[in-house]
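K.L.:
Pasting model-v6.txt below, which is compact mmCIF, C-alpha atoms.
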# COMPACT_ATOMS: atom_id res chain seq x y z
CA MET C 1 -26.57 -67.19 -77.43
CA ALA C 2 -25.32 -70.78 -77.19
CA ALA C 3 -28.06 -71.84 -74.78
CA PHE C 4 -30.78 -70.14 -76.81
CA LEU C 5 -29.79 -71.59 -80.19
CA ARG C 6 -29.19 -75.08 -78.78
CA SER C 7 -32.63 -75.08 -77.17
CA ARG C 8 -34.29 -73.87 -80.40
CA ARG C 9 -32.64 -76.46 -82.68
CA ALA C 10 -33.32 -79.22 -80.15
CA ARG C 11 -37.05 -78.79 -80.66
CA VAL C 12 -36.92 -78.98 -84.50
CA THR C 13 -36.83 -82.57 -85.78
CA PRO C 14 -35.45 -83.67 -89.17
CA ALA C 15 -38.99 -84.62 -90.16
CA ASP C 16 -40.10 -81.02 -89.50
CA VAL C 17 -37.76 -79.79 -92.25
CA GLY C 18 -38.17 -82.73 -94.65
CA MET C 19 -34.94 -84.53 -93.80
CA PRO C 20 -34.55 -88.27 -93.07
CA PRO C 21 -33.93 -89.08 -89.40
CA GLY C 22 -30.70 -90.95 -90.10
CA LEU C 23 -28.99 -93.58 -88.01
CA ARG C 24 -27.30 -93.25 -84.63
CA ARG C 25 -28.74 -89.80 -84.01
CA ARG C 26 -27.76 -88.73 -80.53
CA THR C 27 -28.52 -85.01 -80.87
CA PRO C 28 -32.11 -84.06 -79.99
CA GLY C 29 -33.50 -82.14 -82.90
CA LEU C 30 -31.21 -80.83 -85.65
CA ARG C 31 -27.44 -81.01 -85.73
CA ARG C 32 -25.37 -77.85 -86.21
CA GLU C 33 -24.35 -78.86 -89.72
CA GLU C 34 -28.01 -79.42 -90.63
CA VAL C 35 -28.99 -75.95 -89.42
CA ALA C 36 -26.07 -74.50 -91.40
CA GLN C 37 -27.04 -76.41 -94.56
CA LEU C 38 -30.71 -75.43 -94.35
CA SER C 39 -29.80 -71.79 -93.63
CA GLY C 40 -27.28 -71.54 -96.46
CA VAL C 41 -24.28 -70.73 -94.23
CA GLY C 42 -21.02 -72.47 -93.44
CA VAL C 43 -20.85 -74.98 -90.61
CA THR C 44 -17.93 -73.14 -89.01
CA TRP C 45 -19.75 -69.81 -89.22
CA TYR C 46 -22.90 -71.21 -87.63
CA THR C 47 -20.85 -72.92 -84.91
CA TRP C 48 -19.19 -69.61 -84.10
CA LEU C 49 -22.59 -67.90 -84.05
CA GLU C 50 -23.90 -70.49 -81.60
CA GLN C 51 -20.79 -70.04 -79.47
CA GLY C 52 -21.31 -66.28 -79.35
CA ARG C 53 -18.04 -65.43 -81.05
CA PRO C 54 -17.56 -61.88 -82.43
CA ILE C 55 -18.64 -62.47 -86.05
CA ASN C 56 -20.54 -60.20 -88.41
CA ALA C 57 -24.10 -61.50 -88.61
CA SER C 58 -26.27 -59.76 -91.19
CA PRO C 59 -30.07 -59.50 -90.85
CA GLN C 60 -30.43 -61.68 -93.96
CA VAL C 61 -28.41 -64.53 -92.40
CA LEU C 62 -30.14 -64.21 -89.02
CA ASN C 63 -33.50 -64.37 -90.78
CA ALA C 64 -32.40 -67.55 -92.59
CA VAL C 65 -31.39 -69.15 -89.29
CA ALA C 66 -34.65 -67.98 -87.70
CA ARG C 67 -36.66 -69.60 -90.52
CA THR C 68 -34.77 -72.87 -90.17
CA LEU C 69 -35.32 -72.94 -86.41
CA ARG C 70 -38.95 -71.85 -86.83
CA LEU C 71 -38.61 -68.87 -84.49
CA ASP C 72 -41.69 -66.77 -83.81
CA ALA C 73 -41.58 -62.94 -83.77
CA SER C 74 -40.48 -62.67 -80.14
CA GLU C 75 -37.77 -65.31 -80.55
CA ARG C 76 -36.52 -63.67 -83.75
CA GLU C 77 -36.19 -60.31 -81.97
CA HIS C 78 -34.38 -62.03 -79.09
CA LEU C 79 -31.94 -63.62 -81.55
CA TYR C 80 -31.17 -60.20 -83.03
CA HIS C 81 -30.47 -58.73 -79.59
CA LEU C 82 -28.20 -61.64 -78.65
CA ALA C 83 -26.29 -61.18 -81.91
CA LYS C 84 -26.09 -57.40 -81.27
CA VAL C 85 -27.75 -56.62 -84.60
CA PRO C 86 -30.32 -53.76 -84.85
CA TYR C 87 -33.80 -55.20 -85.00
CA GLU C 88 -36.58 -53.63 -87.07
CA GLN C 89 -40.05 -55.11 -86.83
CA ARG C 90 -40.98 -56.56 -90.19
CA PRO C 91 -43.69 -54.48 -91.93
CA GLY C 92 -47.07 -56.06 -91.35
CA ALA C 93 -45.80 -58.60 -88.82
CA ASP C 94 -47.99 -57.38 -85.97
CA VAL C 95 -49.61 -54.24 -87.35
CA ASP C 96 -52.87 -54.36 -89.26
CA GLU C 97 -52.88 -51.38 -91.61
CA ASP C 98 -56.53 -51.87 -92.58
CA SER C 99 -57.71 -51.24 -89.01
CA GLY C 100 -55.81 -47.99 -88.59
CA GLY C 101 -52.34 -49.38 -87.85
CA VAL C 102 -53.21 -51.82 -85.02
CA GLY C 103 -55.42 -54.86 -84.56
CA PRO C 104 -59.14 -54.65 -83.77
CA GLU C 105 -58.59 -55.44 -80.08
CA ILE C 106 -56.35 -52.40 -79.57
CA ARG C 107 -58.68 -50.33 -81.73
CA SER C 108 -61.63 -51.21 -79.48
CA ILE C 109 -59.66 -50.24 -76.35
CA LEU C 110 -58.82 -46.85 -77.85
CA ASP C 111 -62.48 -46.25 -78.67
CA ALA C 112 -63.60 -47.36 -75.19
CA LEU C 113 -61.23 -44.84 -73.57
CA ASP C 114 -63.05 -41.95 -75.23
CA PRO C 115 -63.49 -39.16 -74.08
CA ARG C 116 -59.96 -39.54 -72.73
CA PRO C 117 -57.55 -38.88 -75.61
CA ALA C 118 -55.43 -41.94 -76.43
CA VAL C 119 -52.84 -42.82 -79.07
CA VAL C 120 -50.59 -45.73 -80.04
CA TYR C 121 -47.01 -44.84 -80.99
CA ASN C 122 -44.12 -46.99 -82.01
CA SER C 123 -40.69 -46.15 -80.59
CA ARG C 124 -40.02 -43.76 -83.50
CA TYR C 125 -43.17 -41.76 -82.60
CA ASP C 126 -45.02 -42.90 -85.71
CA VAL C 127 -48.75 -42.54 -85.00
CA LEU C 128 -50.28 -46.00 -85.48
CA ALA C 129 -53.80 -45.32 -84.16
CA THR C 130 -55.79 -42.69 -82.26
CA ASN C 131 -59.27 -42.23 -80.85
CA ARG C 132 -61.62 -39.36 -81.68
CA SER C 133 -60.76 -37.29 -78.59
CA TYR C 134 -57.07 -37.40 -79.46
CA ASP C 135 -57.87 -36.28 -83.01
CA ARG C 136 -59.97 -33.40 -81.66
CA LEU C 137 -57.25 -32.32 -79.26
CA PHE C 138 -54.25 -32.51 -81.58
CA ARG C 139 -55.62 -32.02 -85.11
CA THR C 140 -53.96 -35.19 -86.44
CA ASP C 141 -54.89 -34.22 -89.98
CA LEU C 142 -51.91 -31.87 -89.73
CA PHE C 143 -49.48 -34.64 -88.76
CA GLN C 144 -46.75 -35.33 -91.23
CA GLY C 145 -43.60 -37.38 -91.57
CA PRO C 146 -41.66 -39.51 -94.06
CA GLY C 147 -43.89 -42.45 -94.94
CA ARG C 148 -46.24 -42.20 -91.95
CA LYS C 149 -47.83 -39.70 -89.57
CA ASN C 150 -45.18 -38.90 -86.99
CA ALA C 151 -45.68 -36.83 -83.81
CA LEU C 152 -41.99 -36.00 -83.39
CA TRP C 153 -41.71 -34.67 -86.93
CA THR C 154 -44.87 -32.57 -86.61
CA LEU C 155 -43.95 -31.07 -83.25
CA PHE C 156 -40.52 -29.98 -84.38
CA ALA C 157 -41.88 -28.56 -87.63
CA ALA C 158 -44.36 -26.57 -85.51
CA ALA C 159 -41.68 -25.58 -82.99
CA ASP C 160 -39.56 -24.08 -85.76
CA LYS C 161 -42.55 -21.83 -86.59
CA ASP C 162 -43.09 -20.89 -82.93
CA ASP C 163 -46.47 -22.62 -83.15
CA CYS C 164 -45.92 -25.69 -80.96
CA PRO C 165 -49.18 -26.94 -79.34
CA MET C 166 -47.24 -27.78 -76.16
CA ARG C 167 -46.81 -25.20 -73.45
CA HIS C 168 -43.26 -25.18 -72.11
CA PRO C 169 -41.75 -26.78 -75.23
CA GLU C 170 -38.31 -26.02 -73.79
CA VAL C 171 -39.06 -28.80 -71.27
CA GLU C 172 -41.26 -31.21 -73.24
CA LEU C 173 -39.45 -31.37 -76.57
CA PRO C 174 -36.02 -32.24 -75.09
CA LEU C 175 -37.72 -35.05 -73.14
CA MET C 176 -39.27 -36.42 -76.33
CA VAL C 177 -35.91 -36.40 -78.10
CA ALA C 178 -34.28 -38.11 -75.11
CA GLN C 179 -36.95 -40.84 -75.22
CA PHE C 180 -36.45 -41.20 -78.95
CA ARG C 181 -32.68 -41.52 -78.52
CA ALA C 182 -33.13 -44.22 -75.87
CA ALA C 183 -35.13 -46.24 -78.43
CA TYR C 184 -32.62 -45.41 -81.19
CA GLY C 185 -29.95 -47.27 -79.21
CA ARG C 186 -31.62 -50.53 -80.25
CA HIS C 187 -31.54 -49.53 -83.94
CA VAL C 188 -28.10 -47.99 -84.48
CA GLY C 189 -27.14 -48.55 -88.10
CA ASP C 190 -30.67 -49.38 -89.22
CA PRO C 191 -31.26 -47.56 -92.55
CA VAL C 192 -34.83 -46.50 -91.69
CA TRP C 193 -33.85 -44.97 -88.35
CA GLU C 194 -30.66 -43.37 -89.64
CA SER C 195 -32.57 -41.79 -92.54
CA PHE C 196 -35.25 -40.47 -90.18
CA VAL C 197 -32.64 -38.83 -87.92
CA ARG C 198 -30.87 -37.24 -90.90
CA GLU C 199 -34.08 -35.89 -92.43
CA LEU C 200 -35.41 -34.49 -89.16
CA SER C 201 -32.02 -32.94 -88.34
CA ARG C 202 -32.05 -31.20 -91.71
CA SER C 203 -35.64 -30.03 -91.21
CA SER C 204 -35.21 -28.74 -87.65
CA GLU C 205 -32.09 -27.07 -86.27
CA TYR C 206 -33.60 -27.36 -82.79
CA PHE C 207 -33.94 -31.14 -83.13
CA ALA C 208 -30.36 -31.38 -84.42
CA GLU C 209 -29.14 -29.42 -81.41
CA LEU C 210 -31.03 -31.66 -78.95
CA TRP C 211 -29.86 -34.78 -80.78
CA ARG C 212 -26.23 -33.76 -80.39
CA SER C 213 -26.71 -33.47 -76.61
CA GLY C 214 -26.90 -37.26 -76.35
CA ASN C 215 -29.47 -37.25 -73.52
CA VAL C 216 -31.60 -40.38 -72.97
CA VAL C 217 -34.67 -41.03 -70.81
CA HIS C 218 -37.41 -43.66 -70.73
CA PRO C 219 -41.15 -42.89 -71.08
CA GLY C 220 -43.07 -42.32 -67.87
CA PRO C 221 -46.10 -40.52 -66.39
CA ARG C 222 -46.15 -36.79 -67.07
CA VAL C 223 -48.30 -33.72 -66.50
CA LYS C 224 -48.44 -31.65 -69.70
CA VAL C 225 -50.12 -28.43 -70.76
CA PHE C 226 -51.43 -28.06 -74.31
CA ARG C 227 -53.00 -25.09 -76.01
CA HIS C 228 -55.79 -25.48 -78.52
CA PRO C 229 -56.62 -22.57 -80.85
CA GLY C 230 -60.34 -22.97 -80.14
CA VAL C 231 -60.54 -23.43 -76.36
CA GLY C 232 -57.21 -22.34 -74.87
CA GLU C 233 -54.94 -24.17 -72.45
CA MET C 234 -55.63 -27.61 -70.96
CA ARG C 235 -53.66 -29.62 -68.39
CA TRP C 236 -53.27 -33.36 -68.95
CA SER C 237 -51.81 -36.28 -67.00
CA SER C 238 -50.34 -38.82 -69.40
CA VAL C 239 -49.66 -42.51 -68.77
CA SER C 240 -47.60 -44.65 -71.17
CA MET C 241 -48.22 -48.41 -71.38
CA GLU C 242 -46.49 -51.14 -73.39
CA ILE C 243 -48.65 -53.35 -75.63
CA ASN C 244 -48.20 -57.12 -75.70
CA GLY C 245 -47.82 -58.40 -79.27
CA LEU C 246 -46.66 -55.04 -80.66
CA PRO C 247 -42.90 -54.81 -80.05
CA GLU C 248 -41.66 -51.33 -79.16
CA CYS C 249 -45.16 -49.86 -79.28
CA ARG C 250 -46.99 -48.10 -76.46
CA MET C 251 -50.36 -46.62 -75.75
CA VAL C 252 -50.42 -43.14 -74.23
CA VAL C 253 -53.62 -42.12 -72.45
CA TYR C 254 -54.37 -38.55 -71.33
CA SER C 255 -56.63 -37.66 -68.38
CA PRO C 256 -57.74 -34.08 -67.62
CA GLY C 257 -55.51 -32.54 -64.96
CA ASP C 258 -58.27 -30.34 -63.56
CA GLU C 259 -62.00 -29.60 -63.93
CA GLU C 260 -61.44 -26.69 -66.29
CA SER C 261 -59.48 -28.89 -68.70
CA ALA C 262 -62.25 -31.50 -68.63
CA ARG C 263 -64.83 -28.82 -69.38
CA ARG C 264 -62.79 -27.43 -72.26
CA LEU C 265 -62.41 -30.90 -73.75
CA ASP C 266 -66.21 -31.08 -73.97
CA THR C 267 -66.25 -27.84 -75.98
CA LEU C 268 -63.75 -28.99 -78.61
CA PRO C 269 -65.20 -29.14 -82.13
CA ARG C 270 -66.78 -32.51 -82.91
CA LEU C 271 -65.30 -34.57 -85.73
Could you spell out this file's structure in structure tokens?
P.N.:
Amino acid sequence: MAAFLRSRRARVTPADVGMPPGLRRRTPGLRREEVAQLSGVGVTWYTWLEQGRPINASPQVLNAVARTLRLDASEREHLYHLAKVPYEQRPGADVDEDSGGVGPEIRSILDALDPRPAVVYNSRYDVLATNRSYDRLFRTDLFQGPGRKNALWTLFAAADKDDCPMRHPEVELPLMVAQFRAAYGRHVGDPVWESFVRELSRSSEYFAELWRSGNVVHPGPRVKVFRHPGVGEMRWSSVSMEINGLPECRMVVYSPGDEESARRLDTLPRL
């Protein structure tokens, strides 16, 4: 923490923030008391923050410090992690809602992957963007969730009705919850995440049971079997990839696991 904050304030000059340079300035960049003044916090508190002492740093105060030090999105997230404060990506910071939830570059990659189904999730399993093959395979018009389409919410709602599109849900759904819990560890106490867990636990006893197990696992390549009401079962190999510029988001791409699955994909209803 100390090294990071010292290096960030060293690169911000008084002129950058509209302050006179002053005489006998030995500190490169801003002084601690100047950062505290510009951020609206006490000098002692900011000094303790820079020293990594166990103080309570709220998101509002960290944001004020980040603005003073002119931190970009990656640096702001790093500051939160160093301060051990749950970080939530600011709405609209890196996601373009008008292009389907992601920027045009990611959108073009999704389209180019067709006919392989592909989707972009955030770490809460909100569906940010899909291509046409994914929509045909999973009927995304049926997706639901608080505030946004959410795959986890939809799958557990379906599982409660014994209508889950996944074969072997007793294997796949616990893995999804374990992946979700691994991501939740970075957001403990965040109101959005806590509300999502409460609502989904109330809506699905099965989710609540899996959540209480405490299992965690990271995303990785998988072979999954899905059943579609129109064409039957299909085997898919899935690969999960992180996306630069979209914190805690990943693209999942599905490839047919055998020739029969590839043939059945071609027979899915066109959108």
K.L.:
Counting only C-alpha atoms, which of C:Asn56, C:Ser74, C:Thr68, C:Asn244 gets nearest to C:Ala36?
P.N.:
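Checking each of C:Asn56, C:Ser74, C:Thr68, C:Asn244 against C:Ala36, counting only C-alpha atoms, the winner is C:Thr68.
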K.L.:
Can you pull out every residue within 10 Å of C:Asn63, counting all atoms listed in the file, but drop anything in the same chain fewer than 6 positions away, and send it as a VMD selection string?
P.N.:
chain C and resid 39 69 71 76 79 to 80
K.L.:
Let me make sure I understand: among C:Glu172, C:Asp114, C:Glu233, C:Glu199, which one has the smallest atom-to-atom distance to C:Arg263 if we use only C-alpha atoms?
P.N.:
C:Glu233
K.L.:
Name the closest residue to C:Gly29 among the candidates C:Val65, C:Val41, C:Ala151, C:Leu5; distances are taken between atoms, counting only C-alpha atoms.
P.N.:
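Using only C-alpha atoms, C:Gly29 sits closest to C:Leu5.
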K.L.:
Restricting the calculation to all atoms listed in the file, which member of C:Val252, C:Ala73, C:Ala118, C:Ile106 is positioned closest to C:Tyr87?
P.N.:
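The shortest atom-to-atom distance to C:Tyr87 comes from C:Ala73.
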K.L.:
When you count all atoms listed in the file, which of these residues is closest to C:Phe180: C:Arg107, C:Arg198, C:Lys149, C:His218?
P.N.:
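Answer, going by the shortest atom-to-atom distance: C:His218.
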K.L.:
Which one of C:Trp236, C:Phe156, C:Phe138, C:Tyr254 sits closest to C:Arg202 if you count only C-alpha atoms?
P.N.:
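Nearest to C:Arg202: C:Phe156.
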K.L.:
Can you pull out the residues contacting C:Ser240? Cut-off 7 Å, using all atoms listed in the file, and skip same-chain residues under 6 positions away; I want them as a PyMOL selection string.
P.N.:
chain C and resi 219-221+250-253
K.L.:
Once you count only C-alpha atoms, which residues end up no further than 12 Å from (-60.4, -26.7, -69.7) in the file's frame, shown as a compact mmCIF listing (two decimals) with C-alpha atoms, in the frame of the given file?
P.N.:
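Heads up, here's the output in result_3.txt:
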# COMPACT_ATOMS: atom_id res chain seq x y z
CA LEU C 137 -57.25 -32.32 -79.26
CA VAL C 225 -50.12 -28.43 -70.76
CA PHE C 226 -51.43 -28.06 -74.31
CA ARG C 227 -53.00 -25.09 -76.01
CA HIS C 228 -55.79 -25.48 -78.52
CA GLY C 230 -60.34 -22.97 -80.14
CA VAL C 231 -60.54 -23.43 -76.36
CA GLY C 232 -57.21 -22.34 -74.87
CA GLU C 233 -54.94 -24.17 -72.45
CA MET C 234 -55.63 -27.61 -70.96
CA ARG C 235 -53.66 -29.62 -68.39
CA TRP C 236 -53.27 -33.36 -68.95
CA SER C 255 -56.63 -37.66 -68.38
CA PRO C 256 -57.74 -34.08 -67.62
CA GLY C 257 -55.51 -32.54 -64.96
CA ASP C 258 -58.27 -30.34 -63.56
CA GLU C 259 -62.00 -29.60 -63.93
CA GLU C 260 -61.44 -26.69 -66.29
CA SER C 261 -59.48 -28.89 -68.70
CA ALA C 262 -62.25 -31.50 -68.63
CA ARG C 263 -64.83 -28.82 -69.38
CA ARG C 264 -62.79 -27.43 -72.26
CA LEU C 265 -62.41 -30.90 -73.75
CA ASP C 266 -66.21 -31.08 -73.97
CA THR C 267 -66.25 -27.84 -75.98
CA LEU C 268 -63.75 -28.99 -78.61
K.L.:
Measure the distance from atom CA of C:Ser133 to atom CA of C:Arg116 in Å and round it to one decimal.
P.N.:
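Spanning atom CA of C:Ser133 to atom CA of C:Arg116 is a straight-line distance of 6.3 Å.
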K.L.:
Which polymer residues have any atom within 9 Å of an atom of C:Ala57, counting all atoms listed in the file, with same-chain residues fewer than 5 positions away left out, as JSON, numbers by chain?
P.N.:
{"C": [49, 62, 83, 84, 85]}
K.L.:
So the first atom is atom CA of C:Arg6 and the second is atom CA of C:Arg26; what is the distance between them in Å, to one decimal place?
P.N.:
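Computing the Euclidean distance for atom CA of C:Arg6 and atom CA of C:Arg26 yields 13.8 Å.
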K.L.:
What residues have an atom no more than 10 Å from (-32.9, -35.5, -77.5) in the file's own frame, counting all atoms listed in the file, and can you write them as a PyMOL selection string?
P.N.:
chain C and resi 173-182+206-217
K.L.:
Please report the interatomic distance between atom CA of C:Ser108 and atom CA of C:Arg222 in Å with one decimal.
P.N.:
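These two atoms are separated by 24.5 Å.
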